[in-house]
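Let me begin by presenting the structure, written as structure tokens, before commenting on it.
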Amino acid sequence: MAAVFSKILCPIDFEHDSMDALGLACQLAKQNSATVYLLTVIGAPPPAAAALPPVALNPNPEFEAACIRRLEVIAREKLAGASHEIFVATGNAAPEILNLTAAQGIDLIVMGTHGRTGLKHFLLGSVAEHVVRQSPVPVLTIHPKAAG
Amino acid sequence: MSLPYRKILCPVDFDENSIAALEAAAEIARHFDATVHVLHTILLVIAPTSMPVYVDLYKAQEDTARRNLQELARKHLAGIKYEIMVNMGEPAASILKAERGIGADLLVMSTHGRRGVSRFFLGSVAELVLREARCPVMTVHQHAPQKHLVGAWMTANPVTAQIDEKLSTIHAKMLEGGFRNIPVLADGRVVAMLTEGDVRSFVGHFDDTPAKRAITQALVTVGPQTPIREAARIMRERKIDGLPVVEDGRLVGIITTSDALAATTSEG
């Protein structure tokens with residue numbers, strides 16, 4: 001039987017939810033001999049700053065390098081040998097996740113339901129909601145309650 | 001949330017989105033040798049708690065749903081272990097109850113029903129389930145049915161009446177659901193649309209009049225792919241309020257003048 005999924009994208013925001021998602025992505029990847037794509041999106045300024053005149057969000061090479069290093073550590077510790085690729089993007093999380101999905105031919109996205117923003121326990125993460133709504137490929141979401 | 005998945009719950013609604021979800025569930029089930037639990041929820045439109053609940057009224061609908069599920073399973077779950085479940089009530093609650101009940105370790109569902117797209121961001125059902133489910137939820141997106149087509153606006157799986165059914169029970173169904181039209185079935189196929197007016201003309205004789213005696217309208221049907229404008233034109237020309245939506249000879253929904261109005265007044 002051919003593998004169900006071969007390219008699994010797991011957005012990482014360095015919080016617990018995304019680590020749970022990563023665990024599941026990793027299991028699925030091994031089961032399917034798939035590659036895990038780790039993506040961190042360096043975000044826009046917090047909403048409080050929205051009152052300021054908009055600034056173009058330029059990629060900051062230092063930030064990006066730091067994120068890549070963190071992702072490499074995570075990959076080493078959590079992926080336990082599963083094949084993986086690392087990506088860092090700058091911008092809004094949901095569109096960047098969808099961009100990478102299209103660009104890399106991702107066939108499954110695995111993510112936590114709570115993003116970095118939003119009222120925990122109450123709202124579906126806005127990033128997760130956006131991705132679930134827009135993604136052309138299946139999205140596997142994990143609720144923090146489900147994490148065992 | 002541990003692998004491999006053994007019990008996959010897949011709620012379906014007999015529309016193309018659900019079929020995409022069912023196919024995704026089938027692929028995963030094949031891979032893990034899992035059982036797919038296919039669930040359909042019949043929406044109960046009973047409101048006041050003081051009213052007696054005529055669950056029997058929904059028996060016909062339940063049977064139809066069960067048959068449709070069998071057919072779907074035969075088509076899309078060939079060679080896979082599956083179980084069929086029909087629940088009644090509110091869809092999100094029913095899905096969550098089934099999830100806990102069977103101890104599902106994966107839920108696969110579409111992000112919206114036919115009507116959800118235009119009115120909510122995510123299907124309201126999908127959103128509730130995403131928020132409350134204990135197991136991982138895989139949402140499968142299929143491009144929304146095109147908004148100028150009947151499929152995007154119809155009510156899927158309408159409440160139906162049988163050709164020999166007495167007007168008394170039909171009238172009760174219509175009152176409960178607030179329907180002005182109810183499709184009438186014979187041998188599983190839609191044969192007529194019975195209107196409020198048809199029923200009302202037999203006031204006082206509900207108990208001894210079967211549906212077939214009250215039918216006045218010639219049957220006109222449309223398909224989910226019929227443009228909504230065309231459906232609206234048919235209803236205006238024939239001065240009727242609702243049309244059965246039929247696909248492959250099977251009743252899949254009902255489209256009414258209110259739906260047509262909703263379609264023409266929706267933005268974007």
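Ordering of the structure tokens sets the chain letters (A, B, ...), residue numbers begin anew at 1 in every chain, and ligands are numbered from 1 in the order given.
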
- Task: Give me the residues within 10 Å of Phe179 of chain B as a ChimeraX atom specification, counting only C-alpha atoms and dropping any in the same chain fewer than 6 places off.
- Result: /B:158-159,171,173,195-196,242,256

Please identify all residues of chain A having at least one atom at most 6 Å from any atom of chain B, considering only C-alpha atoms, and return them as an mmCIF file with C-alpha atoms, in the first residue's frame.
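Listing of selection.cif after writing:
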data_model
loop_
_atom_site.group_PDB
_atom_site.id
_atom_site.type_symbol
_atom_site.label_atom_id
_atom_site.label_comp_id
_atom_site.auth_asym_id
_atom_site.auth_seq_id
_atom_site.Cartn_x
_atom_site.Cartn_y
_atom_site.Cartn_z
ATOM 1 C CA PRO A 138 -6.428 18.014 4.775
ATOM 2 C CA VAL A 139 -5.601 19.697 8.069
ATOM 3 C CA LEU A 140 -5.190 17.584 11.174
ATOM 4 C CA THR A 141 -5.793 19.681 14.260
ATOM 5 C CA ILE A 142 -5.025 18.666 17.800
ATOM 6 C CA ALA A 146 -6.380 15.682 23.527
#

Applying 7 Å and only C-alpha atoms, which residues near Cys10 of chain B remain after dropping the ones on its own chain fewer than 2 positions away? List them as a PyMOL selection string. chain B and resi 8+12+22+25+36-39+107-109

Once DSSP has gone over the backbone, tell me which residues of segment 36-247 of chain B are in strand (DSSP E), as a PyMOL selection string. chain B and resi 36-43+81-89+106-110+137-140+155-156+161-162+181-186+189-195+242-247

Checklist line | Interatomic distance (Å, one decimal) between atom CA of Met154 of chain B and atom CA of Gly177 of chain B | finding: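 These atoms are spaced 15.6 Å apart.
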
### Message
So, with only C-alpha atoms as the atoms that count, which of B:Ala172, B:Gln61, B:Leu77, B:Asp13 lies closest to Thr35 of chain B?
### Response
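For Thr35 of chain B, the nearest of the given residues is B:Leu77.
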
Could you pull out the helix (DSSP H, G or I) residues of segment 101-188 of chain B, going by DSSP on the backbone, and write them as a PyMOL selection string? chain B and resi 101-102+116-119+124-132+150-152+167-177

Could you please take those selected residues and save N, CA and C atoms as an mmCIF file, in the first residue's frame?
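File produced: out24.cif:
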data_model
loop_
_atom_site.group_PDB
_atom_site.id
_atom_site.type_symbol
_atom_site.label_atom_id
_atom_site.label_comp_id
_atom_site.auth_asym_id
_atom_site.auth_seq_id
_atom_site.Cartn_x
_atom_site.Cartn_y
_atom_site.Cartn_z
ATOM 1 N N GLY B 101 -18.521 8.070 22.544
ATOM 2 C CA GLY B 101 -19.182 6.780 22.642
ATOM 3 C C GLY B 101 -18.369 5.636 22.052
ATOM 4 N N ILE B 102 -17.831 5.853 20.863
ATOM 5 C CA ILE B 102 -17.089 4.753 20.244
ATOM 6 C C ILE B 102 -15.612 4.814 20.613
ATOM 7 N N GLY B 116 -23.168 26.213 4.701
ATOM 8 C CA GLY B 116 -22.285 26.875 5.649
ATOM 9 C C GLY B 116 -21.397 27.932 5.030
ATOM 10 N N VAL B 117 -20.871 27.622 3.879
ATOM 11 C CA VAL B 117 -19.839 28.461 3.277
ATOM 12 C C VAL B 117 -20.187 29.926 3.261
ATOM 13 N N SER B 118 -21.400 30.208 2.820
ATOM 14 C CA SER B 118 -21.729 31.598 2.603
ATOM 15 C C SER B 118 -22.024 32.305 3.920
ATOM 16 N N ARG B 119 -22.427 31.549 4.905
ATOM 17 C CA ARG B 119 -22.933 32.214 6.099
ATOM 18 C C ARG B 119 -21.956 32.245 7.262
ATOM 19 N N SER B 124 -20.420 25.889 11.152
ATOM 20 C CA SER B 124 -20.535 26.070 12.591
ATOM 21 C C SER B 124 -20.375 24.727 13.289
ATOM 22 N N VAL B 125 -20.807 23.679 12.624
ATOM 23 C CA VAL B 125 -20.660 22.340 13.181
ATOM 24 C C VAL B 125 -19.179 21.983 13.294
ATOM 25 N N ALA B 126 -18.448 22.199 12.192
ATOM 26 C CA ALA B 126 -17.023 21.862 12.191
ATOM 27 C C ALA B 126 -16.291 22.650 13.267
ATOM 28 N N GLU B 127 -16.673 23.914 13.413
ATOM 29 C CA GLU B 127 -15.959 24.735 14.386
ATOM 30 C C GLU B 127 -16.167 24.224 15.814
ATOM 31 N N LEU B 128 -17.413 23.898 16.132
ATOM 32 C CA LEU B 128 -17.701 23.374 17.465
ATOM 33 C C LEU B 128 -16.952 22.068 17.715
ATOM 34 N N VAL B 129 -16.973 21.231 16.711
ATOM 35 C CA VAL B 129 -16.322 19.929 16.864
ATOM 36 C C VAL B 129 -14.810 20.109 17.033
ATOM 37 N N LEU B 130 -14.225 21.017 16.220
ATOM 38 C CA LEU B 130 -12.792 21.273 16.328
ATOM 39 C C LEU B 130 -12.428 21.722 17.734
ATOM 40 N N ARG B 131 -13.321 22.537 18.308
ATOM 41 C CA ARG B 131 -13.028 23.095 19.614
ATOM 42 C C ARG B 131 -13.189 22.057 20.719
ATOM 43 N N GLU B 132 -14.160 21.167 20.557
ATOM 44 C CA GLU B 132 -14.522 20.295 21.667
ATOM 45 C C GLU B 132 -14.022 18.858 21.570
ATOM 46 N N VAL B 150 -27.878 25.412 -7.412
ATOM 47 C CA VAL B 150 -28.856 24.990 -6.408
ATOM 48 C C VAL B 150 -28.184 24.286 -5.221
ATOM 49 N N GLY B 151 -27.163 23.464 -5.533
ATOM 50 C CA GLY B 151 -26.480 22.688 -4.495
ATOM 51 C C GLY B 151 -25.984 23.529 -3.330
ATOM 52 N N ALA B 152 -25.633 24.793 -3.609
ATOM 53 C CA ALA B 152 -25.081 25.645 -2.557
ATOM 54 C C ALA B 152 -26.157 26.183 -1.629
ATOM 55 N N LEU B 167 -52.456 12.292 6.091
ATOM 56 C CA LEU B 167 -52.189 13.722 6.197
ATOM 57 C C LEU B 167 -51.972 14.173 7.647
ATOM 58 N N SER B 168 -52.560 13.414 8.603
ATOM 59 C CA SER B 168 -52.398 13.838 9.995
ATOM 60 C C SER B 168 -50.927 13.862 10.408
ATOM 61 N N THR B 169 -50.183 12.804 10.061
ATOM 62 C CA THR B 169 -48.768 12.800 10.465
ATOM 63 C C THR B 169 -47.962 13.763 9.609
ATOM 64 N N ILE B 170 -48.347 13.864 8.324
ATOM 65 C CA ILE B 170 -47.626 14.791 7.445
ATOM 66 C C ILE B 170 -47.808 16.219 7.959
ATOM 67 N N HIS B 171 -49.041 16.525 8.322
ATOM 68 C CA HIS B 171 -49.332 17.864 8.824
ATOM 69 C C HIS B 171 -48.509 18.150 10.081
ATOM 70 N N ALA B 172 -48.395 17.145 10.946
ATOM 71 C CA ALA B 172 -47.599 17.320 12.165
ATOM 72 C C ALA B 172 -46.138 17.606 11.822
ATOM 73 N N LYS B 173 -45.605 16.873 10.851
ATOM 74 C CA LYS B 173 -44.212 17.100 10.440
ATOM 75 C C LYS B 173 -44.033 18.525 9.925
ATOM 76 N N MET B 174 -45.003 18.955 9.104
ATOM 77 C CA MET B 174 -44.882 20.285 8.504
ATOM 78 C C MET B 174 -44.971 21.371 9.560
ATOM 79 N N LEU B 175 -45.873 21.168 10.517
ATOM 80 C CA LEU B 175 -46.013 22.145 11.594
ATOM 81 C C LEU B 175 -44.740 22.230 12.420
ATOM 82 N N GLU B 176 -44.241 21.066 12.781
ATOM 83 C CA GLU B 176 -43.043 21.004 13.608
ATOM 84 C C GLU B 176 -41.862 21.690 12.971
ATOM 85 N N GLY B 177 -41.687 21.399 11.675
ATOM 86 C CA GLY B 177 -40.517 21.935 11.001
ATOM 87 C C GLY B 177 -40.768 23.303 10.394
#

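Considering only C-alpha atoms, the residue among A:Thr35, A:Gln27, A:Thr90, A:Ser83 positioned nearest to Asn58 of chain A is A:Thr90.
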
Restricting to only C-alpha atoms, whichever of B:Ala262, B:Val246, B:Ile215, B:Ala93 is closest to Asp164 of chain B is B:Ile215

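The interatomic distance for the pair atom CA of Val137 of chain A and atom CA of Phe87 of chain A works out to 18.8 Å.
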
Review point. Leaving out segment 73-78 of chain A and any residue of its chain fewer than 4 positions from it, which residues lie within 10 Å of it when counting only C-alpha atoms, given as a list in words?
Key: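 So the residues in contact are Ile12, Phe14, Met19, Leu22, Gly23, Cys26, Val36, Tyr37, Leu38, Cys67, Ile68, Arg69, Ala82, Ser83, His84, Glu85 and Ile86 of chain A.
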
Go ahead and dump the residues you just picked, C-alpha atoms, as an mmCIF file, in the first residue's frame.
data_model
loop_
_atom_site.group_PDB
_atom_site.id
_atom_site.type_symbol
_atom_site.label_atom_id
_atom_site.label_comp_id
_atom_site.auth_asym_id
_atom_site.auth_seq_id
_atom_site.Cartn_x
_atom_site.Cartn_y
_atom_site.Cartn_z
ATOM 1 C CA ILE A 12 5.956 25.458 14.843
ATOM 2 C CA PHE A 14 7.633 27.053 19.938
ATOM 3 C CA MET A 19 4.933 20.393 20.142
ATOM 4 C CA LEU A 22 4.821 17.777 16.074
ATOM 5 C CA GLY A 23 4.702 14.514 18.002
ATOM 6 C CA CYS A 26 6.410 12.649 13.550
ATOM 7 C CA VAL A 36 8.124 16.507 7.921
ATOM 8 C CA TYR A 37 8.303 20.152 6.888
ATOM 9 C CA LEU A 38 8.912 22.378 9.882
ATOM 10 C CA CYS A 67 14.739 30.413 14.240
ATOM 11 C CA ILE A 68 16.450 27.971 11.955
ATOM 12 C CA ARG A 69 18.826 27.017 14.762
ATOM 13 C CA ALA A 82 12.329 11.140 10.572
ATOM 14 C CA SER A 83 13.269 12.893 7.378
ATOM 15 C CA HIS A 84 12.615 16.623 7.588
ATOM 16 C CA GLU A 85 13.037 20.029 6.004
ATOM 17 C CA ILE A 86 13.222 23.371 7.773
#
